[in-house]
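Asker: Can you read through this structure? Questions will come right after.
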Amino acid sequence: MSQAASVDLNALTSLDGVVLRLVEQQGAQATRRITDSLDEQAWLEDFLEASKPELPSAEECPLRHRLLLTPFRYRKRHGSRFATRWERGLFYGSRSRFGCLLEGAYYELVFQNGPVQPFPRNAAMRKTLFHVQLRSSRGLRLHDQGSSDLQARLRDPVDSRFCQGIGQQMREAGIEAFEYHSARSVEDVVQLGASSCCVFASTPFDQVEVQVEASGHDVSFRCLDDNTVRHFQRQQFEVAGTLPQPMH
């Protein structure tokens, strides 16, 4: 790695403020529909919980909320920008609602374009957008570092191997949270990643229900708190006519 394209892991800064995250909508209604009584539902949920990987420890994560703990609990089917599929998951969020919907639209398009036959358009899907307060003295602002060469590699929309290597270095150096610019937009959309749930200073609040309509060509989100609708086209994420795929 050239000096011009290296991250200064010693440029620690404090990161705080509100972070937003878009997640699949979950809840008791999912198991209630397939059980005949509340007793049976309680047994099923206990059984499912016992079959899952262990949650992060209370010592690392004193705030015991599933929306904060779940990203660190599972290994993923594919890698993310700053972690391979074989490493513990990271918490990814955004400093803006637009940033959450932007990333959500990209991954929805990846999912919609996965099968041989496209999924039918579906207006019944729901997601949840939540806010959480974050605070860490061991943070990095990657978007403030280095040359244009470094920033180009951090924002490469196709190849995330460089970023995954940086992610490993940050975890080894004890970096708890980091900001970076999204690779899914030419605009400077500030996103945030956290490698530990120790950074959360609140439980989730201001949860917003989001209606999703998606096909293999476009994704629309309707936020039910203010009734705004945002549209994303597959073409805006394509590189040389191809939708980039998450890496291992």
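Letters A, B, ... mark the chains of the structure tokens in the order given; residue numbers begin at 1 per chain; ligand numbers begin at 1, in order shown.
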Could you go through stretch 17-248 of chain A and tell me which residues DSSP, when run on the backbone, assigns to strand (DSSP E), listing them as a PDB file with N, CA and C atoms, in the first residue's frame?

Answerer:
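Final output, selection23.pdb:
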ATOM      1  N   GLY A  17     -23.053  12.192  18.603  1.00  0.00           N
ATOM      2  CA  GLY A  17     -24.233  12.643  17.879  1.00  0.00           C
ATOM      3  C   GLY A  17     -25.130  11.494  17.469  1.00  0.00           C
ATOM      4  N   VAL A  18     -26.158  11.832  16.717  1.00  0.00           N
ATOM      5  CA  VAL A  18     -27.185  10.867  16.333  1.00  0.00           C
ATOM      6  C   VAL A  18     -26.791  10.130  15.059  1.00  0.00           C
ATOM      7  N   VAL A  19     -27.029   8.828  15.060  1.00  0.00           N
ATOM      8  CA  VAL A  19     -26.822   7.966  13.891  1.00  0.00           C
ATOM      9  C   VAL A  19     -28.159   7.307  13.557  1.00  0.00           C
ATOM     10  N   LEU A  20     -28.435   7.152  12.263  1.00  0.00           N
ATOM     11  CA  LEU A  20     -29.664   6.524  11.808  1.00  0.00           C
ATOM     12  C   LEU A  20     -29.344   5.184  11.165  1.00  0.00           C
ATOM     13  N   ARG A  21     -30.255   4.224  11.310  1.00  0.00           N
ATOM     14  CA  ARG A  21     -30.066   2.909  10.713  1.00  0.00           C
ATOM     15  C   ARG A  21     -31.407   2.386  10.204  1.00  0.00           C
ATOM     16  N   LEU A  22     -31.386   1.763   9.024  1.00  0.00           N
ATOM     17  CA  LEU A  22     -32.570   1.158   8.423  1.00  0.00           C
ATOM     18  C   LEU A  22     -32.476  -0.353   8.571  1.00  0.00           C
ATOM     19  N   VAL A  23     -33.523  -0.989   9.121  1.00  0.00           N
ATOM     20  CA  VAL A  23     -33.482  -2.423   9.380  1.00  0.00           C
ATOM     21  C   VAL A  23     -34.770  -3.075   8.898  1.00  0.00           C
ATOM     22  N   GLU A  24     -34.692  -4.400   8.733  1.00  0.00           N
ATOM     23  CA  GLU A  24     -35.893  -5.159   8.436  1.00  0.00           C
ATOM     24  C   GLU A  24     -36.837  -5.076   9.634  1.00  0.00           C
ATOM     25  N   PHE A  91     -21.775  -2.557  12.884  1.00  0.00           N
ATOM     26  CA  PHE A  91     -22.992  -1.737  12.861  1.00  0.00           C
ATOM     27  C   PHE A  91     -22.771  -0.637  11.839  1.00  0.00           C
ATOM     28  N   TYR A  92     -23.614  -0.580  10.820  1.00  0.00           N
ATOM     29  CA  TYR A  92     -23.534   0.473   9.814  1.00  0.00           C
ATOM     30  C   TYR A  92     -24.757   1.381   9.921  1.00  0.00           C
ATOM     31  N   GLY A  93     -24.518   2.670   9.876  1.00  0.00           N
ATOM     32  CA  GLY A  93     -25.601   3.641   9.899  1.00  0.00           C
ATOM     33  C   GLY A  93     -25.217   4.861   9.077  1.00  0.00           C
ATOM     34  N   SER A  94     -25.965   5.911   9.246  1.00  0.00           N
ATOM     35  CA  SER A  94     -25.723   7.126   8.473  1.00  0.00           C
ATOM     36  C   SER A  94     -25.980   8.345   9.344  1.00  0.00           C
ATOM     37  N   ASN A 122     -43.594  -5.400  -5.024  1.00  0.00           N
ATOM     38  CA  ASN A 122     -44.274  -5.663  -3.767  1.00  0.00           C
ATOM     39  C   ASN A 122     -44.383  -4.363  -2.978  1.00  0.00           C
ATOM     40  N   ALA A 123     -45.599  -3.929  -2.737  1.00  0.00           N
ATOM     41  CA  ALA A 123     -45.819  -2.681  -2.011  1.00  0.00           C
ATOM     42  C   ALA A 123     -46.114  -2.918  -0.533  1.00  0.00           C
ATOM     43  N   ALA A 124     -46.038  -4.178  -0.081  1.00  0.00           N
ATOM     44  CA  ALA A 124     -46.415  -4.505   1.290  1.00  0.00           C
ATOM     45  C   ALA A 124     -45.225  -4.615   2.230  1.00  0.00           C
ATOM     46  N   MET A 125     -44.007  -4.525   1.719  1.00  0.00           N
ATOM     47  CA  MET A 125     -42.834  -4.671   2.575  1.00  0.00           C
ATOM     48  C   MET A 125     -42.704  -3.479   3.522  1.00  0.00           C
ATOM     49  N   ARG A 126     -42.190  -3.753   4.708  1.00  0.00           N
ATOM     50  CA  ARG A 126     -41.989  -2.704   5.697  1.00  0.00           C
ATOM     51  C   ARG A 126     -40.574  -2.799   6.262  1.00  0.00           C
ATOM     52  N   LYS A 127     -39.993  -1.657   6.527  1.00  0.00           N
ATOM     53  CA  LYS A 127     -38.733  -1.574   7.251  1.00  0.00           C
ATOM     54  C   LYS A 127     -38.905  -0.556   8.373  1.00  0.00           C
ATOM     55  N   THR A 128     -37.916  -0.489   9.252  1.00  0.00           N
ATOM     56  CA  THR A 128     -37.931   0.467  10.354  1.00  0.00           C
ATOM     57  C   THR A 128     -36.663   1.308  10.314  1.00  0.00           C
ATOM     58  N   LEU A 129     -36.826   2.597  10.421  1.00  0.00           N
ATOM     59  CA  LEU A 129     -35.709   3.535  10.512  1.00  0.00           C
ATOM     60  C   LEU A 129     -35.636   4.012  11.958  1.00  0.00           C
ATOM     61  N   PHE A 130     -34.482   3.816  12.605  1.00  0.00           N
ATOM     62  CA  PHE A 130     -34.376   4.274  13.985  1.00  0.00           C
ATOM     63  C   PHE A 130     -33.154   5.158  14.185  1.00  0.00           C
ATOM     64  N   HIS A 131     -33.177   5.900  15.271  1.00  0.00           N
ATOM     65  CA  HIS A 131     -32.097   6.805  15.654  1.00  0.00           C
ATOM     66  C   HIS A 131     -31.461   6.285  16.939  1.00  0.00           C
ATOM     67  N   VAL A 132     -30.175   6.527  17.082  1.00  0.00           N
ATOM     68  CA  VAL A 132     -29.488   6.171  18.320  1.00  0.00           C
ATOM     69  C   VAL A 132     -28.357   7.173  18.555  1.00  0.00           C
ATOM     70  N   GLN A 133     -28.112   7.476  19.812  1.00  0.00           N
ATOM     71  CA  GLN A 133     -27.031   8.387  20.184  1.00  0.00           C
ATOM     72  C   GLN A 133     -25.733   7.595  20.315  1.00  0.00           C
ATOM     73  N   LEU A 134     -24.678   8.105  19.710  1.00  0.00           N
ATOM     74  CA  LEU A 134     -23.375   7.446  19.727  1.00  0.00           C
ATOM     75  C   LEU A 134     -22.338   8.374  20.339  1.00  0.00           C
ATOM     76  N   ARG A 135     -21.386   7.756  21.056  1.00  0.00           N
ATOM     77  CA  ARG A 135     -20.302   8.556  21.652  1.00  0.00           C
ATOM     78  C   ARG A 135     -19.058   7.690  21.789  1.00  0.00           C
ATOM     79  N   SER A 136     -17.949   8.145  21.218  1.00  0.00           N
ATOM     80  CA  SER A 136     -16.690   7.413  21.328  1.00  0.00           C
ATOM     81  C   SER A 136     -15.521   8.382  21.227  1.00  0.00           C
ATOM     82  N   SER A 137     -14.503   8.137  22.042  1.00  0.00           N
ATOM     83  CA  SER A 137     -13.271   8.937  21.964  1.00  0.00           C
ATOM     84  C   SER A 137     -12.244   8.273  21.058  1.00  0.00           C
ATOM     85  N   ARG A 138     -12.546   7.065  20.574  1.00  0.00           N
ATOM     86  CA  ARG A 138     -11.622   6.335  19.710  1.00  0.00           C
ATOM     87  C   ARG A 138     -12.248   6.184  18.313  1.00  0.00           C
ATOM     88  N   GLY A 139     -12.431   7.328  17.675  1.00  0.00           N
ATOM     89  CA  GLY A 139     -13.032   7.349  16.358  1.00  0.00           C
ATOM     90  C   GLY A 139     -12.075   7.853  15.291  1.00  0.00           C
ATOM     91  N   LEU A 140     -12.417   7.611  14.048  1.00  0.00           N
ATOM     92  CA  LEU A 140     -11.674   8.132  12.903  1.00  0.00           C
ATOM     93  C   LEU A 140     -12.664   8.755  11.922  1.00  0.00           C
ATOM     94  N   ARG A 141     -12.265   9.840  11.306  1.00  0.00           N
ATOM     95  CA  ARG A 141     -13.027  10.418  10.196  1.00  0.00           C
ATOM     96  C   ARG A 141     -12.243  10.120   8.909  1.00  0.00           C
ATOM     97  N   ALA A 177     -15.319   3.415  16.260  1.00  0.00           N
ATOM     98  CA  ALA A 177     -16.292   3.939  15.296  1.00  0.00           C
ATOM     99  C   ALA A 177     -15.562   4.781  14.255  1.00  0.00           C
ATOM    100  N   PHE A 178     -16.146   4.888  13.078  1.00  0.00           N
ATOM    101  CA  PHE A 178     -15.495   5.636  12.002  1.00  0.00           C
ATOM    102  C   PHE A 178     -16.539   6.181  11.040  1.00  0.00           C
ATOM    103  N   GLU A 179     -16.247   7.353  10.497  1.00  0.00           N
ATOM    104  CA  GLU A 179     -17.078   7.959   9.464  1.00  0.00           C
ATOM    105  C   GLU A 179     -16.392   7.824   8.113  1.00  0.00           C
ATOM    106  N   TYR A 180     -17.179   7.776   7.066  1.00  0.00           N
ATOM    107  CA  TYR A 180     -16.638   7.652   5.711  1.00  0.00           C
ATOM    108  C   TYR A 180     -17.707   8.118   4.728  1.00  0.00           C
ATOM    109  N   HIS A 181     -17.299   8.410   3.499  1.00  0.00           N
ATOM    110  CA  HIS A 181     -18.254   8.809   2.469  1.00  0.00           C
ATOM    111  C   HIS A 181     -18.784   7.580   1.743  1.00  0.00           C
ATOM    112  N   VAL A 190     -22.222  11.217   4.317  1.00  0.00           N
ATOM    113  CA  VAL A 190     -21.437  10.710   5.440  1.00  0.00           C
ATOM    114  C   VAL A 190     -22.150   9.514   6.079  1.00  0.00           C
ATOM    115  N   GLN A 191     -21.463   8.371   6.069  1.00  0.00           N
ATOM    116  CA  GLN A 191     -21.940   7.156   6.700  1.00  0.00           C
ATOM    117  C   GLN A 191     -21.076   6.864   7.931  1.00  0.00           C
ATOM    118  N   LEU A 192     -21.536   5.935   8.746  1.00  0.00           N
ATOM    119  CA  LEU A 192     -20.802   5.620   9.974  1.00  0.00           C
ATOM    120  C   LEU A 192     -20.806   4.118  10.217  1.00  0.00           C
ATOM    121  N   GLY A 193     -19.658   3.618  10.645  1.00  0.00           N
ATOM    122  CA  GLY A 193     -19.536   2.226  11.039  1.00  0.00           C
ATOM    123  C   GLY A 193     -19.050   2.145  12.473  1.00  0.00           C
ATOM    124  N   ALA A 194     -19.476   1.105  13.186  1.00  0.00           N
ATOM    125  CA  ALA A 194     -19.022   0.878  14.562  1.00  0.00           C
ATOM    126  C   ALA A 194     -18.610  -0.581  14.697  1.00  0.00           C
ATOM    127  N   PHE A 205     -34.408   5.337  19.401  1.00  0.00           N
ATOM    128  CA  PHE A 205     -35.556   6.223  19.617  1.00  0.00           C
ATOM    129  C   PHE A 205     -36.025   6.752  18.262  1.00  0.00           C
ATOM    130  N   ASP A 206     -37.169   7.421  18.283  1.00  0.00           N
ATOM    131  CA  ASP A 206     -37.766   7.989  17.062  1.00  0.00           C
ATOM    132  C   ASP A 206     -37.816   6.950  15.936  1.00  0.00           C
ATOM    133  N   GLN A 207     -38.387   5.808  16.220  1.00  0.00           N
ATOM    134  CA  GLN A 207     -38.504   4.772  15.195  1.00  0.00           C
ATOM    135  C   GLN A 207     -39.589   5.159  14.189  1.00  0.00           C
ATOM    136  N   VAL A 208     -39.239   5.032  12.910  1.00  0.00           N
ATOM    137  CA  VAL A 208     -40.128   5.432  11.822  1.00  0.00           C
ATOM    138  C   VAL A 208     -40.427   4.215  10.960  1.00  0.00           C
ATOM    139  N   GLU A 209     -41.688   3.968  10.675  1.00  0.00           N
ATOM    140  CA  GLU A 209     -42.058   2.887   9.768  1.00  0.00           C
ATOM    141  C   GLU A 209     -41.850   3.349   8.330  1.00  0.00           C
ATOM    142  N   VAL A 210     -41.243   2.481   7.528  1.00  0.00           N
ATOM    143  CA  VAL A 210     -40.921   2.798   6.137  1.00  0.00           C
ATOM    144  C   VAL A 210     -41.554   1.745   5.226  1.00  0.00           C
ATOM    145  N   GLN A 211     -42.351   2.186   4.289  1.00  0.00           N
ATOM    146  CA  GLN A 211     -42.952   1.288   3.303  1.00  0.00           C
ATOM    147  C   GLN A 211     -42.019   1.176   2.104  1.00  0.00           C
ATOM    148  N   VAL A 212     -41.861  -0.045   1.595  1.00  0.00           N
ATOM    149  CA  VAL A 212     -40.903  -0.295   0.517  1.00  0.00           C
ATOM    150  C   VAL A 212     -41.627  -0.888  -0.686  1.00  0.00           C
ATOM    151  N   GLU A 213     -41.331  -0.341  -1.843  1.00  0.00           N
ATOM    152  CA  GLU A 213     -41.786  -0.906  -3.109  1.00  0.00           C
ATOM    153  C   GLU A 213     -40.549  -1.121  -3.970  1.00  0.00           C
ATOM    154  N   ALA A 214     -40.337  -2.362  -4.428  1.00  0.00           N
ATOM    155  CA  ALA A 214     -39.076  -2.672  -5.103  1.00  0.00           C
ATOM    156  C   ALA A 214     -39.289  -3.621  -6.260  1.00  0.00           C
ATOM    157  N   ASP A 218     -35.924  -0.628  -9.816  1.00  0.00           N
ATOM    158  CA  ASP A 218     -36.036   0.577  -8.998  1.00  0.00           C
ATOM    159  C   ASP A 218     -36.544   0.227  -7.609  1.00  0.00           C
ATOM    160  N   VAL A 219     -36.303   1.144  -6.682  1.00  0.00           N
ATOM    161  CA  VAL A 219     -36.742   0.996  -5.300  1.00  0.00           C
ATOM    162  C   VAL A 219     -37.330   2.325  -4.848  1.00  0.00           C
ATOM    163  N   SER A 220     -38.460   2.263  -4.156  1.00  0.00           N
ATOM    164  CA  SER A 220     -39.077   3.458  -3.593  1.00  0.00           C
ATOM    165  C   SER A 220     -39.310   3.252  -2.103  1.00  0.00           C
ATOM    166  N   PHE A 221     -39.075   4.288  -1.320  1.00  0.00           N
ATOM    167  CA  PHE A 221     -39.310   4.269   0.116  1.00  0.00           C
ATOM    168  C   PHE A 221     -40.310   5.367   0.470  1.00  0.00           C
ATOM    169  N   ARG A 222     -41.285   5.016   1.263  1.00  0.00           N
ATOM    170  CA  ARG A 222     -42.237   5.999   1.796  1.00  0.00           C
ATOM    171  C   ARG A 222     -42.095   6.018   3.305  1.00  0.00           C
ATOM    172  N   CYS A 223     -41.619   7.149   3.847  1.00  0.00           N
ATOM    173  CA  CYS A 223     -41.466   7.299   5.293  1.00  0.00           C
ATOM    174  C   CYS A 223     -42.790   7.792   5.872  1.00  0.00           C
ATOM    175  N   THR A 228     -43.123  11.359   3.021  1.00  0.00           N
ATOM    176  CA  THR A 228     -42.267  11.635   1.867  1.00  0.00           C
ATOM    177  C   THR A 228     -41.906  10.329   1.164  1.00  0.00           C
ATOM    178  N   VAL A 229     -41.727  10.402  -0.147  1.00  0.00           N
ATOM    179  CA  VAL A 229     -41.367   9.250  -0.964  1.00  0.00           C
ATOM    180  C   VAL A 229     -40.067   9.561  -1.693  1.00  0.00           C
ATOM    181  N   ARG A 230     -39.121   8.635  -1.628  1.00  0.00           N
ATOM    182  CA  ARG A 230     -37.856   8.773  -2.362  1.00  0.00           C
ATOM    183  C   ARG A 230     -37.718   7.600  -3.320  1.00  0.00           C
ATOM    184  N   HIS A 231     -37.252   7.915  -4.539  1.00  0.00           N
ATOM    185  CA  HIS A 231     -37.113   6.911  -5.586  1.00  0.00           C
ATOM    186  C   HIS A 231     -35.636   6.738  -5.946  1.00  0.00           C
ATOM    187  N   PHE A 232     -35.225   5.493  -6.137  1.00  0.00           N
ATOM    188  CA  PHE A 232     -33.858   5.163  -6.540  1.00  0.00           C
ATOM    189  C   PHE A 232     -33.928   4.225  -7.739  1.00  0.00           C
ATOM    190  N   GLN A 233     -33.104   4.512  -8.739  1.00  0.00           N
ATOM    191  CA  GLN A 233     -33.057   3.700  -9.952  1.00  0.00           C
ATOM    192  C   GLN A 233     -31.807   2.831  -9.958  1.00  0.00           C
TER     193      GLN A 233
END

Asker: Please measure the separation of atom CA of A:Ser215 and atom CA of A:Gln112, giving the value in Å to one decimal.

Answerer: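 These atoms are spaced 6.1 Å apart.
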
Asker: Please report as a Markdown table every residue of stretch 191-225 of chain A lying within 10 Å of stretch 7-16 of chain A, along with the nearest atom pair and their distance in Å (one decimal), using only C-alpha atoms.

Answerer:
| residue | atom | partner | partner_atom | distance |
| --- | --- | --- | --- | --- |
| A:Leu192 | CA | A:Leu15 | CA | 9.8 |
| A:Val199 | CA | A:Asp16 | CA | 8.9 |
| A:Phe200 | CA | A:Asp16 | CA | 9.3 |
| A:Ala201 | CA | A:Asp16 | CA | 9.0 |

Asker: Please provide the set of residues having any atom within 10 Å of A:Asp159, restricted to only C-alpha atoms, with same-chain residues fewer than 4 positions apart removed, written as a PDB file with C-alpha atoms, in the first residue's frame.

Answerer:
ATOM      1  CA  ARG A  81     -17.468  -2.552   2.996  1.00  0.00           C
ATOM      2  CA  ARG A 153     -10.062   3.632  -2.965  1.00  0.00           C
ATOM      3  CA  LEU A 154     -12.283   4.145   0.084  1.00  0.00           C
ATOM      4  CA  ARG A 155     -15.208   4.936  -2.236  1.00  0.00           C
ATOM      5  CA  CYS A 163     -11.659  -1.102   2.692  1.00  0.00           C
ATOM      6  CA  GLN A 164     -11.916  -4.546   4.263  1.00  0.00           C
ATOM      7  CA  PRO A 244     -21.847  -4.153  -8.273  1.00  0.00           C
ATOM      8  CA  GLN A 245     -22.150  -7.150  -5.975  1.00  0.00           C
ATOM      9  CA  PRO A 246     -21.085  -7.352  -2.315  1.00  0.00           C
ATOM     10  CA  MET A 247     -17.746  -9.065  -1.890  1.00  0.00           C
TER      11      MET A 247
END

Asker: Of the residues A:Arg64, A:His217, A:Arg97, A:Lys52, which is the one nearest to A:Phe111, using only C-alpha atoms?

Answerer: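 Closest to A:Phe111, using only C-alpha atoms: A:His217.
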
Asker: Residues within 10 Å of A:His65, please, as an MDAnalysis selection string. Count only C-alpha atoms; anything in the same chain fewer than 3 positions from it doesn't count.

Answerer: chainID A and resid 61:62 68:70 202:204

Asker: Excluding same-chain residues fewer than 4 positions from A:Gln168, what lies within 9 Å of it counting only C-alpha atoms, as a JSON list (two decimals) with N, CA and C atoms, in the first residue's frame?

Answerer:
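File produced: out_27.json:
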[["chain", "number", "residue", "atom", "x", "y", "z"],
["A", 82, "PHE", "N", -16.35, -2.84, 5.15],
["A", 82, "PHE", "CA", -15.18, -2.84, 6.02],
["A", 82, "PHE", "C", -15.00, -4.15, 6.78],
["A", 83, "ALA", "N", -15.65, -5.21, 6.36],
["A", 83, "ALA", "CA", -15.47, -6.51, 7.01],
["A", 83, "ALA", "C", -15.78, -7.62, 6.02],
["A", 87, "GLU", "N", -15.66, -12.37, 9.41],
["A", 87, "GLU", "CA", -15.40, -11.57, 10.60],
["A", 87, "GLU", "C", -16.71, -11.19, 11.27],
["A", 163, "CYS", "N", -10.93, -1.54, 1.50],
["A", 163, "CYS", "CA", -11.66, -1.10, 2.69],
["A", 163, "CYS", "C", -11.73, -2.21, 3.74],
["A", 164, "GLN", "N", -11.88, -3.44, 3.30],
["A", 164, "GLN", "CA", -11.92, -4.55, 4.26],
["A", 164, "GLN", "C", -10.59, -4.68, 4.99],
["A", 172, "GLU", "N", -7.93, -3.97, 14.88],
["A", 172, "GLU", "CA", -6.71, -4.33, 15.61],
["A", 172, "GLU", "C", -6.16, -3.15, 16.40],
["A", 173, "ALA", "N", -6.41, -1.92, 15.91],
["A", 173, "ALA", "CA", -5.92, -0.72, 16.59],
["A", 173, "ALA", "C", -6.89, -0.22, 17.65]]

Asker: Atom CA of A:Arg234 to atom CA of A:Leu109: how many Å, to one decimal?

Answerer: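 Going from atom CA of A:Arg234 over to atom CA of A:Leu109, I get 6.9 Å.
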
Asker: Between atom CA of A:Gly99 and atom CA of A:Gly167, what distance in Å does the model show, to one decimal?

Answerer: 20.1 Å

Asker: For A:Arg171, which of A:Leu90, A:Val186, A:Ala42, A:Glu59 is the closest residue, counting only C-alpha atoms?

Answerer: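 Among A:Leu90, A:Val186, A:Ala42, A:Glu59, it is A:Leu90 that comes nearest to A:Arg171.
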
Asker: Can you pull out the residues contacting A:Arg75? Cut-off 9 Å, using only C-alpha atoms, and skip same-chain residues under 2 positions away; I want them as a list in words.

Answerer: Pro71, Phe72, Arg73, Arg77, His78, Gly79, Thr84, Arg85, Trp86, Glu87, Arg88 and Gly89 of chain A

Asker: Those residues with N, CA and C atoms, as a CSV table (one decimal), in the first residue's frame please?

Answerer:
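Listed below is the output, selection08.csv:
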chain,number,residue,atom,x,y,z
A,71,PRO,N,-26.4,-6.6,14.9
A,71,PRO,CA,-25.3,-6.5,13.9
A,71,PRO,C,-24.0,-7.2,14.3
A,72,PHE,N,-23.8,-7.3,15.6
A,72,PHE,CA,-22.5,-7.9,16.1
A,72,PHE,C,-22.7,-9.4,16.4
A,73,ARG,N,-23.9,-9.9,16.2
A,73,ARG,CA,-24.2,-11.2,16.7
A,73,ARG,C,-23.9,-12.3,15.6
A,77,ARG,N,-24.0,-13.4,5.0
A,77,ARG,CA,-23.9,-14.2,3.8
A,77,ARG,C,-22.8,-13.7,2.9
A,78,HIS,N,-22.5,-12.4,3.0
A,78,HIS,CA,-21.5,-11.8,2.1
A,78,HIS,C,-20.8,-10.7,2.9
A,79,GLY,N,-19.7,-10.3,2.4
A,79,GLY,CA,-18.9,-9.3,3.2
A,79,GLY,C,-19.6,-7.9,3.1
A,84,THR,N,-15.0,-8.7,6.1
A,84,THR,CA,-15.3,-9.9,5.3
A,84,THR,C,-16.4,-10.7,5.9
A,85,ARG,N,-17.0,-11.6,5.2
A,85,ARG,CA,-18.1,-12.5,5.7
A,85,ARG,C,-17.6,-13.4,6.9
A,86,TRP,N,-16.3,-13.5,7.1
A,86,TRP,CA,-15.8,-14.4,8.1
A,86,TRP,C,-15.5,-13.7,9.4
A,87,GLU,N,-15.7,-12.4,9.4
A,87,GLU,CA,-15.4,-11.6,10.6
A,87,GLU,C,-16.7,-11.2,11.3
A,88,ARG,N,-16.6,-10.8,12.5
A,88,ARG,CA,-17.8,-10.3,13.2
A,88,ARG,C,-18.4,-9.1,12.5
A,89,GLY,N,-19.7,-9.1,12.5
A,89,GLY,CA,-20.4,-8.0,11.8
A,89,GLY,C,-20.1,-6.6,12.4

Asker: For the alpha helix (DSSP H) assignment from backbone DSSP, which residues of stretch 3-211 of chain A qualify? Please present them as a ChimeraX atom specification.

Answerer: /A:29-32,38-50,66-69,97-112,148-154,161-172

Asker: Using only C-alpha atoms, which protein or nucleic acid residues come within 8 Å of stretch 236-239 of chain A? Drop anything in the same chain fewer than 3 positions from it, and give the result as a list in words.

Answerer: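 Listed by chain and then number, they are Tyr106, Pro157, Val158, Arg184, Ser185, Phe232, Gln233, Thr242, Leu243 and Pro244 of chain A.
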
Asker: For the residues in the current selection, export C-alpha atoms as a PDB file, in the first residue's frame.

Answerer:
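See part17.pdb below for the written result:
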ATOM      1  CA  TYR A 106     -28.635  -0.587  -3.176  1.00  0.00           C
ATOM      2  CA  PRO A 157     -18.163   1.008  -5.653  1.00  0.00           C
ATOM      3  CA  VAL A 158     -16.981  -2.357  -7.027  1.00  0.00           C
ATOM      4  CA  ARG A 184     -23.069   4.699  -3.695  1.00  0.00           C
ATOM      5  CA  SER A 185     -23.192   8.410  -4.521  1.00  0.00           C
ATOM      6  CA  PHE A 232     -33.858   5.163  -6.540  1.00  0.00           C
ATOM      7  CA  GLN A 233     -33.057   3.700  -9.952  1.00  0.00           C
ATOM      8  CA  THR A 242     -23.534  -3.709 -14.157  1.00  0.00           C
ATOM      9  CA  LEU A 243     -24.852  -3.610 -10.598  1.00  0.00           C
ATOM     10  CA  PRO A 244     -21.847  -4.153  -8.273  1.00  0.00           C
TER      11      PRO A 244
END
